[in-house]
Each structure stands twice: as C-alpha cells, then as structure tokens.
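Inspection log for the structure reproduced underneath, given as structure tokens.
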Amino acid sequence: MFSSTRKPISPAASSTCHPRATTPATRVPRFRAGTDCQPTRRPPKQSPPSCSSARPTTRRARQTRQKPDHQIAIIMPHTDTPQDASPQHDENRIIAERRGKLAEWRQTGSAYPNDFARENTAGQLNELYEPKSREELAALPVEVRVAGRIMLKRVMGKASFITLQDLSGRIQAYISRDQIGEEAYAAFKRWDMGDMVGAVGTLFRTRTGELTVECSQVRLLAKSLRPLPEKFHGLTDQEQKYRMRYVDLITNEQSRLTFAVRSRIVQSIRGYMVDDGFLEVETPMMHPIPGGASAKPFKTHHNALDMELFLRIAPELYLKRLVVGGLEKVFEINRNFRNEGISPRHNPEFTMMEFYEAYSEYRRLMNFTEGLLRHSARQALGSEVFEYQGRTLDFAKPFARLTIIEAIRRDHPEFSVEQLGDAAWLRDKLSAMKVETGATAGLGTLQLLLFEETAEAGLWDPTFIIDYPAEVSPLARRSDSNPEIAERFELFIAGREIANGFSELNDPEDQAARFLEQAKAKDAGDEEAMYYDADYVRALEYGLPPTAGCGIGIDRLVMLLTDSANIRDVILFPQMRPE
RNA sequence: GGGUCGGUAGCUCAGUCGGUAGAGCACUGGACUUUUAAUCCAUUGGUCGUGAGUUCGAGCCUCACCCGACCCA
C-alpha cells in the first residue's frame, strides 16, 4: 500500500487513516530507526489453529481410537476409519472431557441457570475490605455474593481455593466440603478453569492474609467447553489475540485495561465537547458521493434504490452542511472506512472525531485542540505527562507551532531559506532522496514533500505544523496574505499525524473551482482525487459562516495514551485475513 | 514488492553434531481441610506449517510454497 502513498504528485498520494486528511499529498507518517515504535511484545509463536488444519489421519488419532474409553465415542462419533480422524481431534480430546461434564450437569436439570443474583464485585470488595484486618472481618461479618470465571484452582481433598475473575478484578473463594456438603464438593471438584461460578459466603482473611470469600454455597453458572490458554502467560500469539479477542480479554489484563482507557478517552472527549456547547450529531455512513478526504472508498449497493453507495471516507462535507443549517458547533465521533492497506497504523475502518465551529478560525482551533488533548490525557490517565514506547510525552507544556519551512530547518539547518524557497532546488533535493515529484507540483507541495521526508517522523513532542499548500487542501480556506497557502494545521505527536484542521473554505465559487480541479485529476486516473459534490456546493451557496473544523484520529490518540505500538491493539476486532 | 525473524502437544516454550520428540501449564487417575502460577505421585497427548530434495537416517541441511510479526518501499 505504501507504493500509493509514495506518489507525490499533488492530488495523488494516499492519506489513509489521516485524521480528516483532505490533503492528497499528505502521506502516512513514516518511521525511521530510532523514532519508530518497536513492538513491545515478543515475536509470536505460531501454531496453526488446530481446527482449521486439514490434517489427515494422525498416529495419535489411531492410537486414541484403539482405546476403549467412553470418551472416544464423543471425540469421533462418526469415525469408522482412521482416515476420518477429525482435524479438530487435538482440541476435541480436551473439549470432549468438558462436554461429558456438561452432559452430567444437564442431567441435574439445572444447567445454565440465570437465577443467581450477584451483589458484589471483586473490585468493590477489595476496595472496601482490603484495609480491614482479619479480626475486623471476623467481627463484622460481611455476607457477599460474587460471580466470575474460574482463573485459578487449587483443589485439595476436602477444601479448595479458586480465584474468580470479573470485570472489576479477582477475588479468591474458599470452598470446603464441610460447609457445602459432600455431594456439592464432589461436583465442584469436576469444574474446570474457565467455568463461570457464583459464590455466596462471608469475607475472611486467610493465614497468608488474602481477602477471601468463605463459601456457604457455590454454583456453576456456565460451562466453559474450551480450555483457556496457559494460565501464567496467557495468549501471546498476536494473531490469535486479534482473532479471538474474547480469549485475549479473558487472559490478558493489559488488553482489558487498554480498552477501558479507550472508553475513558472517548468519554472525556465527548464531555469536553458537550461542555463547550457542541452538539453531537450522526451523519450518514453511506454516501452517494464519497467526500471529505482523498482516499479509496468501499462500495456497496442499495437494492431498493438500485444505486451504488460508498462507505464514508470522512463526514466532513455533511458536518459543514449542518453548519450551513445553523448548527454552529457540531461534532461526530464515528467510523470512517478507507479501502487501502492494513498496517500497524492503518485499519480499513477507524474512528475519528470531527468537529466544526462557526465564527472560529484555525489558530483558535489549535488552542482548542490542544486543550482537548490535554483534558483527555488527564481524564484517561490522570496525568498530562506519560510514557510512550519508552519515551516521555508531555501534553502539559504548550504545543509547538512551526511552519513547514521552520520544521525542516530545525532538523536541517544546512538548508537555507532561499534554497527552500526555490522549486528547482527542491526538485533536485527530492529526486536525490528518491522522492518522486510530479511535474505539476507547486512550491508548497515540494516543501511539504521535503518536510515529510526529513522532519515529520522526528516530531516527537506535540507540534502543530502550519502553512500547508492550498493545492493539497481542496476544502480549506486560502490565507489572506498568501493565496498559495491554506489556513491549515496538522498536529504531529510521536512522529505521527494525530489531527488535521483548518479554516473552512466557505466561498462556493472557489470550492466549485477546486472540485473541478479534483475532478480533472480523477479523470486523469487519480483514484483518490475528490468527486465534484454539487449538493455540497449548493449548500455553500446558501452561505456557510466563517468556520473552522478539525479531525482527530481516535485510534492513534488511544495508541499514544495506552502505549500501544500497533493500531490493532486498540481496536477490539481489527480487520483480519479470513482464517 | 524487498529484508529480518518465526511456525514443534490445547497453551507457553526447549530441542545439542543430522541418529527413535522434551518440559511446564492444561487434561485424566490418585493423595492432600488455609492454598497463592498450590504441591506430590502416575498417566494421556506430536507425521515438528506444506511439498519436494540431499542422506543409510531430517524437527535440524537445501529448494519451493503457505501463514504470521516487524522493518523498508
């Protein structure tokens, strides 16, 4: 996919996943050694999912079949010849045991009950009673009803401990034969790791000091037929984590935490916007004309209308129609879809917030965006300073603001202002760096390309880059002082584009002209150039007040705040090749 | 597209010089009434990603392919 992003000719290059990337020439941030995010996890080990490998008869299958064990009938009920051995055999041997237990459970007539009323969570009990001493707990005593999944089991002859996990955390339960009865204890001993259990009892503290529920009753609430991954390491295979997120969430606390933080980030953003008087709206996900960014769309078809539709690549044009309608401050947090490659920083569907405010302009917008991110870090992490991939990120100090030229010269003082203002010099330099430059690329675009090549990845601290070329910003207002420049910024953090905003182009005639240019580029073969959106121009003709708007890539922000190197780690069900 | 690393038991991982495939967890049976990744005893479980080649002999060497992670484009 990066091949397309290398295309530098102005409206051609990709902007996959850019927050509100209206810049055709803006590329995905590239990372270099030293600035790139190294994977924190160890390289995965691979073992093919047993259920999908079409392995022929195995020796084991034959051996197993020879056993007169009753389980065999369950394992391979239809196996008459060794050749029929199921590829799922390995796992089924373990699952068959559990299915047998489930069958026993069903015979009691009370399998899968739903009448257990949980009244306490592990986290709540730990918080309330962890400070209490053994004697204080004994004096109270606290009657509790907890439920959760068995994550650890320490079964002894007449008394056992299990560790139950619920959303809030873990708590230990103590189960003794004398308290729950011989029959119940025998049944309990047949339960497996992963089973869902309800426990009733009183809190006490064990000899070693652990807060524990001394059970007067335990019930099996749901059977887990499949074995959990190894209890200490959990699931480490990245692919399996993504494919079976449910297993990942069961076994890896870090995953649970990441998605809890993600929720807090989104909440904090929503709160900040609403508190500031923004109206949350939902605009179409299916567009007759894909617009608002330069990207390849997904196509779909509406049968009743018999029309082609596109999954949206950005909500921008609809949100600005709302500002025309008088909804002066609007925002939307939702998915965008771009039919491009998948990488550690790109998922075909990703979440973005876009917001628009009438009677604002891009400098005020930068202040607001800065405040929003600061707020979000504080709300989600409790701190505006945090670690990302081993380095510190500080949202507390003011975000730097550099023009493209300043950003280049900060890393490369050897480039003079005169050289950077010389299109021919820039072309030479870029071609020496093996960056393609289109014949039609203007000075601003050449500067942008050099910036992307030399400076972008090194922008670790939050930095607004301003003065983008108008020719790569077809929806942005031109600068009054220089019509070649748009009133636009992009925010970079950790070498990665996080936000993109500008004073909106509200001149319908200029917009129509820019759409025409885009349409021409599209006709010339640029798949990512924009369509001419006549209804949007019509809306502008009713009058869009001076407005500024911004898009923030939520997934990338979550990556920063959860110290995640891969976008898949912050998306619950990332797009995967079919199994 | 190129490069690097990887694919061995359900899970986490070893595997020496090319000489009959190992451990822990999980599972099964047994012991155990305050454990802590419980412990102890005894089992079960593998055509080593796929296919070819070299060899008396391949998890290991060679080639091709498949899948994955990361990097580069």
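Letters A, B, ... go to the chains of the structure tokens in the order shown; residues in each chain start at 1; ligands are counted from 1 in the same order.
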
Please tabulate, as a tab-separated table, the residues of chain B that come within 8 Å of chain A, each with its closest pair of atoms and the distance in Å to one decimal, counting only C-alpha atoms (C1' of nucleotides) and ordering rows by chain, then residue number upward.
```
residue	atom	partner	partner_atom	distance
B:C5	C1'	A:Pro43	CA	7.8
B:G6	C1'	A:Lys45	CA	6.6
B:G7	C1'	A:Gln46	CA	4.4
B:G10	C1'	A:Glu91	CA	5.2
B:C11	C1'	A:Pro229	CA	4.2
B:U12	C1'	A:Glu230	CA	6.2
B:C25	C1'	A:Glu230	CA	5.4
B:A26	C1'	A:Glu230	CA	6.9
B:C27	C1'	A:Ile94	CA	6.0
B:A31	C1'	A:Gly157	CA	7.8
B:C32	C1'	A:Gly157	CA	5.2
B:U33	C1'	A:Ala159	CA	4.9
B:U34	C1'	A:Arg207	CA	5.6
B:U35	C1'	A:Phe161	CA	6.1
B:A37	C1'	A:Phe232	CA	5.7
B:A38	C1'	A:Arg154	CA	5.8
B:G45	C1'	A:Asp90	CA	7.9
B:G46	C1'	A:Arg60	CA	7.9
B:U47	C1'	A:Thr58	CA	7.0
B:G49	C1'	A:Pro48	CA	7.2
B:G68	C1'	A:Gln46	CA	7.0
B:A69	C1'	A:Pro43	CA	5.8
B:C70	C1'	A:Pro39	CA	7.3
B:A73	C1'	A:Ser3	CA	6.7
```

* To do: Would you list the contacts of U54 (chain B) as a ChimeraX atom specification, taking every protein, DNA or RNA residue within 12 Å and counting only C-alpha atoms (C1' of nucleotides), but skipping same-chain residues closer than 5 positions in sequence?
  => /B:18,61-63

N, CA and C atoms (P, O5', C5', C4', C3', O3' and C1' of nucleotides) of the current selection, written as a JSON list (two decimals), in the first residue's frame:
```
[["chain", "number", "residue", "atom", "x", "y", "z"],
["B", 18, "G", "P", 24.59, -31.14, 12.32],
["B", 18, "G", "O5'", 23.37, -32.14, 12.13],
["B", 18, "G", "C5'", 22.24, -32.08, 12.99],
["B", 18, "G", "C4'", 21.49, -33.38, 12.90],
["B", 18, "G", "C3'", 22.23, -34.57, 13.46],
["B", 18, "G", "O3'", 21.29, -35.51, 13.95],
["B", 18, "G", "C1'", 21.72, -34.96, 11.23],
["B", 61, "C", "P", 18.69, -26.17, 9.82],
["B", 61, "C", "O5'", 19.46, -26.85, 8.60],
["B", 61, "C", "C5'", 20.87, -26.91, 8.58],
["B", 61, "C", "C4'", 21.34, -27.44, 7.24],
["B", 61, "C", "C3'", 20.58, -26.91, 6.03],
["B", 61, "C", "O3'", 21.06, -25.64, 5.62],
["B", 61, "C", "C1'", 20.76, -29.25, 5.85],
["B", 62, "U", "P", 20.06, -24.60, 4.95],
["B", 62, "U", "O5'", 19.86, -25.21, 3.50],
["B", 62, "U", "C5'", 20.94, -25.32, 2.59],
["B", 62, "U", "C4'", 20.43, -25.81, 1.25],
["B", 62, "U", "C3'", 19.20, -25.09, 0.74],
["B", 62, "U", "O3'", 19.51, -23.87, 0.09],
["B", 62, "U", "C1'", 18.89, -27.44, 0.55],
["B", 63, "C", "P", 18.46, -22.67, 0.15],
["B", 63, "C", "O5'", 17.36, -23.13, -0.90],
["B", 63, "C", "C5'", 17.70, -23.35, -2.26],
["B", 63, "C", "C4'", 16.53, -23.94, -3.01],
["B", 63, "C", "C3'", 15.20, -23.23, -2.81],
["B", 63, "C", "O3'", 15.09, -22.07, -3.61],
["B", 63, "C", "C1'", 14.88, -25.56, -2.61]]
```

* Could you name the residues that touch Cys550 (chain A) at 8 Å or less, counting only C-alpha atoms (C1' of nucleotides), but leaving out those on the same chain fewer than 6 positions away, as a ChimeraX atom specification? -> /A:20,354-356,365,499-502

How would the residues just chosen look if you wrote them out with all heavy atoms as a PDB file, in the first residue's frame?
```pdb
ATOM      1  N   ARG A  20      -8.975  13.298   9.128  1.00  0.00           N
ATOM      2  CA  ARG A  20      -9.536  14.306   8.244  1.00  0.00           C
ATOM      3  C   ARG A  20      -8.537  14.731   7.192  1.00  0.00           C
ATOM      4  O   ARG A  20      -8.192  15.890   7.040  1.00  0.00           O
ATOM      5  CB  ARG A  20      -9.930  15.529   9.085  1.00  0.00           C
ATOM      6  CG  ARG A  20     -10.820  16.484   8.323  1.00  0.00           C
ATOM      7  CD  ARG A  20     -11.024  17.700   9.193  1.00  0.00           C
ATOM      8  NE  ARG A  20     -11.914  18.652   8.577  1.00  0.00           N
ATOM      9  CZ  ARG A  20     -11.617  19.935   8.440  1.00  0.00           C
ATOM     10  NH1 ARG A  20     -10.460  20.383   8.852  1.00  0.00           N
ATOM     11  NH2 ARG A  20     -12.491  20.738   7.908  1.00  0.00           N
ATOM     12  N   GLU A 354     -14.655  14.424  14.254  1.00  0.00           N
ATOM     13  CA  GLU A 354     -14.557  15.695  13.541  1.00  0.00           C
ATOM     14  C   GLU A 354     -15.460  16.694  14.230  1.00  0.00           C
ATOM     15  O   GLU A 354     -16.544  16.346  14.706  1.00  0.00           O
ATOM     16  CB  GLU A 354     -14.979  15.532  12.072  1.00  0.00           C
ATOM     17  CG  GLU A 354     -13.944  14.799  11.246  1.00  0.00           C
ATOM     18  CD  GLU A 354     -14.089  15.039   9.738  1.00  0.00           C
ATOM     19  OE1 GLU A 354     -14.827  15.972   9.345  1.00  0.00           O
ATOM     20  OE2 GLU A 354     -13.475  14.282   8.982  1.00  0.00           O
ATOM     21  N   PHE A 355     -15.004  17.931  14.287  1.00  0.00           N
ATOM     22  CA  PHE A 355     -15.851  18.966  14.880  1.00  0.00           C
ATOM     23  C   PHE A 355     -15.685  20.271  14.121  1.00  0.00           C
ATOM     24  O   PHE A 355     -14.624  20.553  13.547  1.00  0.00           O
ATOM     25  CB  PHE A 355     -15.555  19.144  16.369  1.00  0.00           C
ATOM     26  CG  PHE A 355     -14.153  19.567  16.693  1.00  0.00           C
ATOM     27  CD1 PHE A 355     -13.841  20.898  16.955  1.00  0.00           C
ATOM     28  CD2 PHE A 355     -13.127  18.627  16.770  1.00  0.00           C
ATOM     29  CE1 PHE A 355     -12.548  21.291  17.275  1.00  0.00           C
ATOM     30  CE2 PHE A 355     -11.834  19.013  17.089  1.00  0.00           C
ATOM     31  CZ  PHE A 355     -11.540  20.335  17.338  1.00  0.00           C
ATOM     32  N   TYR A 356     -16.754  21.057  14.089  1.00  0.00           N
ATOM     33  CA  TYR A 356     -16.793  22.318  13.343  1.00  0.00           C
ATOM     34  C   TYR A 356     -17.397  23.384  14.214  1.00  0.00           C
ATOM     35  O   TYR A 356     -18.378  23.137  14.930  1.00  0.00           O
ATOM     36  CB  TYR A 356     -17.618  22.136  12.049  1.00  0.00           C
ATOM     37  CG  TYR A 356     -16.904  21.194  11.107  1.00  0.00           C
ATOM     38  CD1 TYR A 356     -17.021  19.819  11.258  1.00  0.00           C
ATOM     39  CD2 TYR A 356     -16.025  21.682  10.145  1.00  0.00           C
ATOM     40  CE1 TYR A 356     -16.302  18.950  10.465  1.00  0.00           C
ATOM     41  CE2 TYR A 356     -15.303  20.819   9.345  1.00  0.00           C
ATOM     42  CZ  TYR A 356     -15.445  19.456   9.508  1.00  0.00           C
ATOM     43  OH  TYR A 356     -14.719  18.606   8.731  1.00  0.00           O
ATOM     44  N   LEU A 365      -8.644  27.271  16.713  1.00  0.00           N
ATOM     45  CA  LEU A 365      -8.887  25.828  16.679  1.00  0.00           C
ATOM     46  C   LEU A 365      -7.696  25.052  17.256  1.00  0.00           C
ATOM     47  O   LEU A 365      -7.869  24.041  17.943  1.00  0.00           O
ATOM     48  CB  LEU A 365      -9.121  25.418  15.228  1.00  0.00           C
ATOM     49  CG  LEU A 365      -9.804  24.100  14.966  1.00  0.00           C
ATOM     50  CD1 LEU A 365     -11.155  24.053  15.641  1.00  0.00           C
ATOM     51  CD2 LEU A 365      -9.970  23.905  13.457  1.00  0.00           C
ATOM     52  N   ALA A 499      -3.968  14.983  14.280  1.00  0.00           N
ATOM     53  CA  ALA A 499      -5.111  15.849  13.986  1.00  0.00           C
ATOM     54  C   ALA A 499      -4.803  16.687  12.756  1.00  0.00           C
ATOM     55  O   ALA A 499      -3.647  16.907  12.398  1.00  0.00           O
ATOM     56  CB  ALA A 499      -5.416  16.752  15.180  1.00  0.00           C
ATOM     57  N   ASN A 500      -5.877  17.142  12.135  1.00  0.00           N
ATOM     58  CA  ASN A 500      -5.777  17.920  10.910  1.00  0.00           C
ATOM     59  C   ASN A 500      -6.938  18.898  10.922  1.00  0.00           C
ATOM     60  O   ASN A 500      -8.085  18.490  11.044  1.00  0.00           O
ATOM     61  CB  ASN A 500      -5.879  16.947   9.719  1.00  0.00           C
ATOM     62  CG  ASN A 500      -5.907  17.659   8.382  1.00  0.00           C
ATOM     63  OD1 ASN A 500      -5.463  18.815   8.275  1.00  0.00           O
ATOM     64  ND2 ASN A 500      -6.436  16.996   7.379  1.00  0.00           N
ATOM     65  N   GLY A 501      -6.623  20.179  10.863  1.00  0.00           N
ATOM     66  CA  GLY A 501      -7.719  21.137  10.945  1.00  0.00           C
ATOM     67  C   GLY A 501      -7.445  22.366  10.108  1.00  0.00           C
ATOM     68  O   GLY A 501      -6.302  22.630   9.718  1.00  0.00           O
ATOM     69  N   PHE A 502      -8.503  23.097   9.820  1.00  0.00           N
ATOM     70  CA  PHE A 502      -8.302  24.334   9.058  1.00  0.00           C
ATOM     71  C   PHE A 502      -9.499  25.254   9.144  1.00  0.00           C
ATOM     72  O   PHE A 502     -10.588  24.865   9.572  1.00  0.00           O
ATOM     73  CB  PHE A 502      -7.979  24.036   7.590  1.00  0.00           C
ATOM     74  CG  PHE A 502      -8.731  22.902   6.950  1.00  0.00           C
ATOM     75  CD1 PHE A 502      -9.997  23.097   6.447  1.00  0.00           C
ATOM     76  CD2 PHE A 502      -8.144  21.650   6.819  1.00  0.00           C
ATOM     77  CE1 PHE A 502     -10.670  22.060   5.819  1.00  0.00           C
ATOM     78  CE2 PHE A 502      -8.818  20.609   6.194  1.00  0.00           C
ATOM     79  CZ  PHE A 502     -10.090  20.809   5.694  1.00  0.00           C
TER      80      PHE A 502
END
```

Using DSSP on the backbone coordinates, identify the residues of region 78-213 of chain A assigned to strand (DSSP E or B); present them as a JSON list (two decimals) with N, CA and C atoms, in the first residue's frame.
```json
[["chain", "number", "residue", "atom", "x", "y", "z"],
["A", 143, "GLU", "N", -21.40, -10.60, 54.50],
["A", 143, "GLU", "CA", -22.02, -11.60, 53.63],
["A", 143, "GLU", "C", -21.95, -11.10, 52.19],
["A", 144, "VAL", "N", -21.42, -11.92, 51.28],
["A", 144, "VAL", "CA", -21.27, -11.45, 49.89],
["A", 144, "VAL", "C", -21.78, -12.48, 48.89],
["A", 145, "ARG", "N", -22.11, -11.99, 47.73],
["A", 145, "ARG", "CA", -22.49, -12.85, 46.60],
["A", 145, "ARG", "C", -21.70, -12.38, 45.39],
["A", 146, "VAL", "N", -20.71, -13.17, 44.99],
["A", 146, "VAL", "CA", -19.88, -12.78, 43.86],
["A", 146, "VAL", "C", -20.03, -13.81, 42.74],
["A", 147, "ALA", "N", -19.63, -13.42, 41.56],
["A", 147, "ALA", "CA", -19.67, -14.35, 40.43],
["A", 147, "ALA", "C", -18.54, -14.01, 39.49],
["A", 148, "GLY", "N", -18.06, -15.04, 38.79],
["A", 148, "GLY", "CA", -16.98, -14.78, 37.84],
["A", 148, "GLY", "C", -16.46, -16.07, 37.25],
["A", 149, "ARG", "N", -15.38, -15.92, 36.52],
["A", 149, "ARG", "CA", -14.79, -17.05, 35.83],
["A", 149, "ARG", "C", -13.67, -17.63, 36.68],
["A", 150, "ILE", "N", -13.59, -18.96, 36.73],
["A", 150, "ILE", "CA", -12.50, -19.60, 37.47],
["A", 150, "ILE", "C", -11.20, -19.42, 36.70],
["A", 151, "MET", "N", -10.28, -18.68, 37.26],
["A", 151, "MET", "CA", -9.00, -18.45, 36.59],
["A", 151, "MET", "C", -7.88, -19.29, 37.21],
["A", 152, "LEU", "N", -8.02, -19.63, 38.46],
["A", 152, "LEU", "CA", -7.03, -20.48, 39.13],
["A", 152, "LEU", "C", -7.79, -21.43, 40.04],
["A", 153, "LYS", "N", -7.21, -22.59, 40.23],
["A", 153, "LYS", "CA", -7.87, -23.63, 41.00],
["A", 153, "LYS", "C", -6.82, -24.31, 41.86],
["A", 154, "ARG", "N", -7.09, -24.42, 43.11],
["A", 154, "ARG", "CA", -6.18, -25.19, 43.98],
["A", 154, "ARG", "C", -7.05, -26.14, 44.79],
["A", 155, "VAL", "N", -7.20, -27.31, 44.23],
["A", 155, "VAL", "CA", -8.15, -28.27, 44.80],
["A", 155, "VAL", "C", -7.41, -29.23, 45.72],
["A", 159, "ALA", "N", -10.91, -29.39, 50.91],
["A", 159, "ALA", "CA", -11.07, -27.93, 50.87],
["A", 159, "ALA", "C", -10.26, -27.38, 49.71],
["A", 160, "SER", "N", -10.75, -26.32, 49.10],
["A", 160, "SER", "CA", -10.11, -25.80, 47.89],
["A", 160, "SER", "C", -10.17, -24.29, 47.85],
["A", 161, "PHE", "N", -9.29, -23.76, 47.01],
["A", 161, "PHE", "CA", -9.36, -22.33, 46.70],
["A", 161, "PHE", "C", -9.55, -22.18, 45.20],
["A", 162, "ILE", "N", -10.41, -21.26, 44.80],
["A", 162, "ILE", "CA", -10.47, -20.89, 43.39],
["A", 162, "ILE", "C", -10.36, -19.37, 43.32],
["A", 163, "THR", "N", -9.80, -18.90, 42.24],
["A", 163, "THR", "CA", -9.72, -17.46, 42.01],
["A", 163, "THR", "C", -10.73, -17.11, 40.94],
["A", 164, "LEU", "N", -11.67, -16.25, 41.31],
["A", 164, "LEU", "CA", -12.71, -15.82, 40.38],
["A", 164, "LEU", "C", -12.33, -14.48, 39.80],
["A", 165, "GLN", "N", -12.60, -14.33, 38.50],
["A", 165, "GLN", "CA", -12.33, -13.06, 37.84],
["A", 165, "GLN", "C", -13.62, -12.47, 37.31],
["A", 166, "ASP", "N", -13.88, -11.23, 37.65],
["A", 166, "ASP", "CA", -14.97, -10.50, 37.00],
["A", 166, "ASP", "C", -14.38, -9.25, 36.37],
["A", 169, "GLY", "N", -11.97, -7.24, 38.64],
["A", 169, "GLY", "CA", -10.75, -7.80, 39.19],
["A", 169, "GLY", "C", -10.93, -9.24, 39.61],
["A", 170, "ARG", "N", -10.14, -9.64, 40.58],
["A", 170, "ARG", "CA", -10.17, -11.04, 41.00],
["A", 170, "ARG", "C", -10.40, -11.13, 42.51],
["A", 171, "ILE", "N", -11.05, -12.19, 42.90],
["A", 171, "ILE", "CA", -11.16, -12.47, 44.33],
["A", 171, "ILE", "C", -11.10, -13.97, 44.52],
["A", 172, "GLN", "N", -10.52, -14.36, 45.66],
["A", 172, "GLN", "CA", -10.36, -15.77, 45.95],
["A", 172, "GLN", "C", -11.58, -16.28, 46.72],
["A", 173, "ALA", "N", -11.95, -17.52, 46.46],
["A", 173, "ALA", "CA", -13.03, -18.15, 47.22],
["A", 173, "ALA", "C", -12.49, -19.42, 47.85],
["A", 174, "TYR", "N", -12.91, -19.67, 49.06],
["A", 174, "TYR", "CA", -12.51, -20.85, 49.81],
["A", 174, "TYR", "C", -13.73, -21.76, 49.92],
["A", 175, "ILE", "N", -13.54, -22.99, 49.48],
["A", 175, "ILE", "CA", -14.65, -23.92, 49.42],
["A", 175, "ILE", "C", -14.26, -25.17, 50.20],
["A", 176, "SER", "N", -15.01, -25.47, 51.23],
["A", 176, "SER", "CA", -14.67, -26.68, 51.99],
["A", 176, "SER", "C", -15.85, -27.65, 51.99],
["A", 196, "MET", "N", -17.84, -20.46, 34.66],
["A", 196, "MET", "CA", -18.42, -19.32, 35.36],
["A", 196, "MET", "C", -19.12, -19.83, 36.61],
["A", 197, "VAL", "N", -18.83, -19.16, 37.72],
["A", 197, "VAL", "CA", -19.27, -19.66, 39.01],
["A", 197, "VAL", "C", -19.87, -18.52, 39.83],
["A", 198, "GLY", "N", -20.91, -18.85, 40.60],
["A", 198, "GLY", "CA", -21.43, -17.91, 41.58],
["A", 198, "GLY", "C", -21.11, -18.42, 42.97],
["A", 199, "ALA", "N", -20.69, -17.52, 43.85],
["A", 199, "ALA", "CA", -20.28, -17.93, 45.19],
["A", 199, "ALA", "C", -20.96, -17.04, 46.23],
["A", 200, "VAL", "N", -21.47, -17.70, 47.27],
["A", 200, "VAL", "CA", -22.10, -16.98, 48.37],
["A", 200, "VAL", "C", -21.32, -17.32, 49.63],
["A", 201, "GLY", "N", -21.05, -16.31, 50.45],
["A", 201, "GLY", "CA", -20.32, -16.61, 51.67],
["A", 201, "GLY", "C", -19.94, -15.36, 52.43],
["A", 202, "THR", "N", -19.01, -15.53, 53.33],
["A", 202, "THR", "CA", -18.57, -14.39, 54.13],
["A", 202, "THR", "C", -17.10, -14.13, 53.88],
["A", 203, "LEU", "N", -16.75, -12.87, 54.01],
["A", 203, "LEU", "CA", -15.36, -12.48, 53.78],
["A", 203, "LEU", "C", -14.51, -12.85, 54.98],
["A", 204, "PHE", "N", -13.33, -13.35, 54.69],
["A", 204, "PHE", "CA", -12.34, -13.54, 55.76],
["A", 204, "PHE", "C", -10.96, -13.35, 55.16],
["A", 205, "ARG", "N", -10.00, -13.43, 56.01],
["A", 205, "ARG", "CA", -8.63, -13.27, 55.56],
["A", 205, "ARG", "C", -7.89, -14.57, 55.85],
["A", 211, "LEU", "N", -7.62, -11.63, 51.16],
["A", 211, "LEU", "CA", -9.07, -11.45, 51.30],
["A", 211, "LEU", "C", -9.77, -12.55, 50.50],
["A", 212, "THR", "N", -10.69, -13.26, 51.14],
["A", 212, "THR", "CA", -11.25, -14.47, 50.54],
["A", 212, "THR", "C", -12.71, -14.63, 50.96],
["A", 213, "VAL", "N", -13.49, -15.18, 50.03],
["A", 213, "VAL", "CA", -14.88, -15.50, 50.37],
["A", 213, "VAL", "C", -14.94, -16.93, 50.88]]
```

* To do: Going by DSSP on the backbone, which bits of region 92-157 of chain A are helix (DSSP H, G or I)? Write them as a VMD selection string, please.
  => chain A and resid 92 to 107 122 to 129 134 to 139

Writer output for current selection, C-alpha atoms, as a CSV table (one decimal), in the first residue's frame:
```csv
chain,number,residue,atom,x,y,z
A,92,ASN,CA,-11.7,-32.2,21.0
A,93,ARG,CA,-10.0,-34.6,23.3
A,94,ILE,CA,-10.0,-31.9,25.9
A,95,ILE,CA,-13.3,-30.5,24.9
A,96,ALA,CA,-14.8,-33.9,25.0
A,97,GLU,CA,-14.0,-34.2,28.6
A,98,ARG,CA,-15.7,-31.0,29.3
A,99,ARG,CA,-18.7,-31.9,27.1
A,100,GLY,CA,-19.0,-35.0,29.2
A,101,LYS,CA,-19.1,-32.9,32.3
A,102,LEU,CA,-21.7,-30.6,30.7
A,103,ALA,CA,-23.8,-33.7,29.9
A,104,GLU,CA,-23.6,-34.7,33.6
A,105,TRP,CA,-24.6,-31.1,34.6
A,106,ARG,CA,-27.6,-31.2,32.3
A,107,GLN,CA,-28.8,-34.3,34.0
A,122,ALA,CA,-14.3,-8.4,43.2
A,123,GLY,CA,-13.0,-4.8,42.8
A,124,GLN,CA,-15.6,-3.4,45.1
A,125,LEU,CA,-14.8,-6.0,47.8
A,126,ASN,CA,-11.1,-5.5,47.5
A,127,GLU,CA,-11.5,-1.7,47.8
A,128,LEU,CA,-13.8,-1.8,50.8
A,129,TYR,CA,-12.3,-4.6,52.8
A,134,ARG,CA,-8.6,-10.5,59.9
A,135,GLU,CA,-10.2,-9.7,63.3
A,136,GLU,CA,-12.2,-6.8,61.9
A,137,LEU,CA,-13.6,-9.0,59.1
A,138,ALA,CA,-14.4,-11.8,61.6
A,139,ALA,CA,-16.2,-9.3,63.8
```

* Contacts of Trp425 (chain A) within 12 Å, only C-alpha atoms (C1' of nucleotides), excl. fewer than 6 positions in-chain, as a ChimeraX atom specification -> /A:415-419,431-432,443,446-447,450

* Distance query Pro508 (chain A) at most 12 Å, only C-alpha atoms (C1' of nucleotides), self and fewer than 3 positions along chain excluded, as a list in words -> Val324, Leu475, Ala476, Arg477, Glu504, Leu505, Gln511, Ala512, Ala513, Arg514, Phe515, Asp533, Ala534, Asp535, Tyr536, Val537, Arg538, Ala539, Leu540, Glu541, Tyr542, Gly543, Leu544 and Pro545 of chain A

* **Residue with smallest distance to Met559 (chain A) - pool A:Arg427, A:Arg401, A:Lys522, A:His346, counting only C-alpha atoms** =>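 Among the listed residues, the smallest separation from Met559 (chain A) belongs to A:His346.
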
* **Gap from CA of Thr121 (chain A) to CA of Thr562 (chain A) - Å, one decimal** => 25.1 Å

* Which of B:C71, B:G15, B:A64, B:U20 sits closest to C48 (chain B) [using only C-alpha atoms (C1' of nucleotides)] -> B:G15

* Asked: Skipping near chain neighbours, those fewer than 2 positions away, what residues fall within 8 Å of region 251-267 of chain A using only C-alpha atoms (C1' of nucleotides), listed as a VMD selection string?
  -> chain A and resid 228 to 229 231 234 to 235 247 to 249 269 to 271 376 to 377 379 to 381 554 558 561 to 562 569 to 570 572

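Atom pair CA of Leu393 (chain A) / CA of Ile493 (chain A) has a distance of 8.4 Å (rounded to one decimal).
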
* Asked: What is the distance between CA of Asn114 (chain A) and CA of Phe573 (chain A), in Å to one decimal?
  ->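 Answer for the CA of Asn114 (chain A) to CA of Phe573 (chain A) separation: 28.3 Å.
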